[in-house]
Amino acid sequence: MESDSEMVPFPLLTTPIESNYRPCTIPYRFPSDNPRKATPTEIAWIDLFRNSIPSFKKRAESDTTVADAPTKAEKFAQRYADILDDIKKDPESHGGPPDCILLCRIREQILRELGFRDIFKKVKDEENAKAVSLFPDVVRLNDDIEDEGKRLENLVRGIFAGNIFDLGSAQLAEVFSRDGMSFLATCQNLVPRPWVIDDLDTFKAKWSKKTWKKAVIFVDNSGADVILGILPFARELLKRGTQVVLAANDLPSINDITYPELVEIISKLKDESGKLIGVDTKNLLIANSGNDLPVIDLTRVSQELAYLASDADLVILEGMGRGIETNLYAQFKCDSLKIGMVKHPEVAQFLGGRLYDCVFKYNEVLG
């Protein structure tokens, strides 16, 4: 983790940040709630994190980079469960009251203290290799769609289909261990529109009239998500003359793509002349966001990202962690898109939608 002095607020947040920005979308408690007693929402979310312990423990047990991994995995499971129980009894213990950032941070800290750096590394590498081999076909299928609006919608569906690959969701972790994933079938089988938040038609209308000069995209998961979902969309922006900054995590967390992994993937996908299937990549930049969690507090990003983002006119937060559980209501000084799939029943309930529903929230800043 970078030291606090190196982290700065994301420069495109609406100011004053203190009164305009709260990272976590779902309020677990209100000022009127008893600070010493867990609220029903806090209990539901603590249980959700508790239910994910077995799948994390299983990944940790099989981490060959850690000596005595099974014993340490057991320690992780016990320690995290104990802390979650403490927070249930007293929400203000362990730096609470809890929110999704705190619950994620504690889990990561315990894993790292026990020597687990990247328990999802093996599955990430496998999924990345699979997605890299499918990338040319996915891009060609998009390029073959002549109608600009239909092509955009296909690219957006690709982002949602890719975003299903999320091992932070207990149910989805089960699905992947059983039968892997068919990307194109998933594109076809998304829940029907209108989605729970559906600004796609508004965005489509803008897309046909407007070109953004610079877009910052906060990316999410490895594999199909970033390679088959985000990169074809980023390539389309490059074709339209937009400079694209992809912001990826500093440290591993669940199956999120990290900055070094993304640099390596893009170098694999480029041809000898540095092109991404015929599209020049001189305007494609990769930045280390400074983040080390599957959610993000935009008051703390790397100076590098802040510098690269300062003149952007489009911000895209992709994935449930960055775009729904945090930052769904974040306001920016420029146009913004929050794109993600709803993968927890608790989030679906909060939004009034269905499990595996889609969020496509577009805010245009006039002026």
# chains A, B, ... in the order shown; residues from 1 in each chain; ligands from 1
call {"tool": "select_by_dssp", "arguments": {"residues": "stretch 7-225 of chain A", "states": "strand (DSSP E)", "output": "compact mmCIF listing (two decimals) with N, CA, C and O atoms, in the first residue's frame"}}
result
# COMPACT_ATOMS: atom_id res chain seq x y z
N MET A 7 -1.20 9.73 -1.59
CA MET A 7 -2.57 9.61 -2.09
C MET A 7 -3.25 10.98 -2.06
O MET A 7 -3.11 11.72 -1.09
N VAL A 8 -3.97 11.26 -3.13
CA VAL A 8 -4.63 12.58 -3.25
C VAL A 8 -6.07 12.37 -3.73
O VAL A 8 -6.40 11.32 -4.27
N ILE A 197 -31.05 0.61 -13.72
CA ILE A 197 -30.73 2.00 -14.08
C ILE A 197 -30.29 1.94 -15.53
O ILE A 197 -29.31 1.26 -15.85
N ASP A 198 -31.02 2.60 -16.41
CA ASP A 198 -30.81 2.38 -17.84
C ASP A 198 -30.81 3.71 -18.61
O ASP A 198 -31.84 4.19 -19.08
N LYS A 214 -10.82 13.00 -23.65
CA LYS A 214 -10.05 12.09 -22.80
C LYS A 214 -10.98 11.38 -21.83
O LYS A 214 -11.77 12.01 -21.14
N ALA A 215 -10.88 10.05 -21.79
CA ALA A 215 -11.72 9.25 -20.89
C ALA A 215 -10.83 8.51 -19.90
O ALA A 215 -9.81 7.93 -20.29
N VAL A 216 -11.22 8.53 -18.63
CA VAL A 216 -10.55 7.72 -17.60
C VAL A 216 -11.48 6.57 -17.26
O VAL A 216 -12.64 6.79 -16.90
N ILE A 217 -10.99 5.34 -17.40
CA ILE A 217 -11.82 4.16 -17.10
C ILE A 217 -11.21 3.41 -15.92
O ILE A 217 -10.08 2.91 -16.01
N PHE A 218 -11.96 3.34 -14.82
CA PHE A 218 -11.55 2.52 -13.68
C PHE A 218 -11.97 1.09 -13.98
O PHE A 218 -13.17 0.79 -14.04
call {"tool": "closest_atom_pairs", "arguments": {"of": "stretch 184-278 of chain A", "to": "stretch 55-75 of chain A", "cutoff": "12 Å", "atoms": "only C-alpha atoms", "output": "Markdown table"}}
result
| residue | atom | partner | partner_atom | distance |
| --- | --- | --- | --- | --- |
| A:Ser253 | CA | A:Phe56 | CA | 11.1 |
| A:Ile254 | CA | A:Phe56 | CA | 8.6 |
| A:Asn255 | CA | A:Arg59 | CA | 11.1 |
call {"tool": "closest_atom_pairs", "arguments": {"of": "stretch 130-156 of chain A", "to": "stretch 190-195 of chain A", "cutoff": "12 Å", "atoms": "only C-alpha atoms", "output": "tab-separated table"}}
result
residue	atom	partner	partner_atom	distance
A:Glu153	CA	A:Arg193	CA	11.5
A:Asn154	CA	A:Leu190	CA	11.6
A:Val156	CA	A:Leu190	CA	11.1
call {"tool": "closest_residue", "arguments": {"among": "A:Lys130, A:Val219, A:Pro23, A:Ser336", "to": "A:Pro9", "atoms": "only C-alpha atoms"}}
result
A:Pro23
call {"tool": "select_by_dssp", "arguments": {"residues": "stretch 83-112 of chain A", "states": "alpha helix (DSSP H)", "output": "JSON, numbers by chain"}}
result
{"A": [83, 84, 85, 86, 87, 88, 89, 100, 101, 102, 103, 104, 105, 106, 107, 108, 109, 110, 111, 112]}
call {"tool": "residues_around", "arguments": {"residues": "stretch 111-113 of chain A", "least_positions_apart": "4", "cutoff": "8 Å", "atoms": "only C-alpha atoms", "output": "PyMOL selection string"}}
result
chain A and resi 76+107+117
call {"tool": "write_last_selection", "arguments": {"atoms": "N, CA and C atoms", "output": "PDB file, in the first residue's frame"}}
result
ATOM      1  N   PHE A  76      -6.743 -17.372   8.745  1.00  0.00           N
ATOM      2  CA  PHE A  76      -7.463 -16.264   8.101  1.00  0.00           C
ATOM      3  C   PHE A  76      -8.961 -16.391   8.353  1.00  0.00           C
ATOM      4  N   ARG A 107     -10.549  -7.702   5.543  1.00  0.00           N
ATOM      5  CA  ARG A 107     -10.288  -9.010   4.911  1.00  0.00           C
ATOM      6  C   ARG A 107      -8.917  -9.029   4.222  1.00  0.00           C
ATOM      7  N   ARG A 117      -0.426 -12.905  -0.766  1.00  0.00           N
ATOM      8  CA  ARG A 117      -0.333 -11.697  -1.597  1.00  0.00           C
ATOM      9  C   ARG A 117      -1.423 -11.672  -2.670  1.00  0.00           C
TER      10      ARG A 117
END
call {"tool": "atom_distance", "arguments": {"atom1": "atom CA of A:Ala247", "atom2": "atom CA of A:Val347"}}
result
24.4 Å
call {"tool": "atom_distance", "arguments": {"atom1": "atom CA of A:Glu127", "atom2": "atom CA of A:Asp297"}}
result
27.2 Å
call {"tool": "closest_residue", "arguments": {"among": "A:Glu108, A:Asp335, A:Asp201, A:Glu264", "to": "A:Val295", "atoms": "only C-alpha atoms"}}
result
A:Glu108
call {"tool": "closest_residue", "arguments": {"among": "A:Ser182, A:Ile286, A:Gly323, A:Pro345", "to": "A:Leu48", "atoms": "only C-alpha atoms"}}
result
A:Pro345
call {"tool": "atom_distance", "arguments": {"atom1": "atom CA of A:Val301", "atom2": "atom CA of A:Gly162"}}
result
25.0 Å
call {"tool": "residues_around", "arguments": {"residues": "A:Glu6", "least_positions_apart": "3", "cutoff": "12 Å", "atoms": "only C-alpha atoms", "output": "ChimeraX atom specification"}}
result
/A:1-3,9,289-291,299-306
call {"tool": "closest_residue", "arguments": {"among": "A:Tyr259, A:Phe360, A:Tyr21, A:Trp207", "to": "A:Arg151", "atoms": "only C-alpha atoms"}}
result
A:Trp207
call {"tool": "closest_residue", "arguments": {"among": "A:Leu298, A:Cys24, A:Leu328, A:Val342", "to": "A:Pro11", "atoms": "only C-alpha atoms"}}
result
A:Leu298
call {"tool": "closest_residue", "arguments": {"among": "A:Gly229, A:Gly319, A:Pro294, A:Gly340", "to": "A:Gly158", "atoms": "only C-alpha atoms"}}
result
A:Gly229
call {"tool": "residues_around", "arguments": {"residues": "A:Thr25", "least_positions_apart": "2", "cutoff": "8 Å", "atoms": "only C-alpha atoms", "output": "list of chain:residue names"}}
result
A:Arg22, A:Pro23, A:Pro27, A:Ile324, A:Glu325, A:Thr326, A:Asn327, A:Leu328, A:Tyr329
call {"tool": "write_last_selection", "arguments": {"atoms": "C-alpha atoms", "output": "PDB file, in the first residue's frame"}}
result
ATOM      1  CA  ARG A  22     -19.519   9.852   0.102  1.00  0.00           C
ATOM      2  CA  PRO A  23     -17.836   6.766  -1.357  1.00  0.00           C
ATOM      3  CA  PRO A  27     -25.989   3.500   3.946  1.00  0.00           C
ATOM      4  CA  ILE A 324     -22.357   0.470  -7.779  1.00  0.00           C
ATOM      5  CA  GLU A 325     -21.364  -0.394  -4.180  1.00  0.00           C
ATOM      6  CA  THR A 326     -19.131   2.665  -4.185  1.00  0.00           C
ATOM      7  CA  ASN A 327     -19.509   5.793  -6.325  1.00  0.00           C
ATOM      8  CA  LEU A 328     -22.963   5.175  -7.827  1.00  0.00           C
ATOM      9  CA  TYR A 329     -23.980   8.663  -6.677  1.00  0.00           C
TER      10      TYR A 329
END
call {"tool": "residues_around", "arguments": {"residues": "A:Thr211", "least_positions_apart": "3", "cutoff": "8 Å", "atoms": "only C-alpha atoms", "output": "ChimeraX atom specification"}}
result
/A:207,240-242
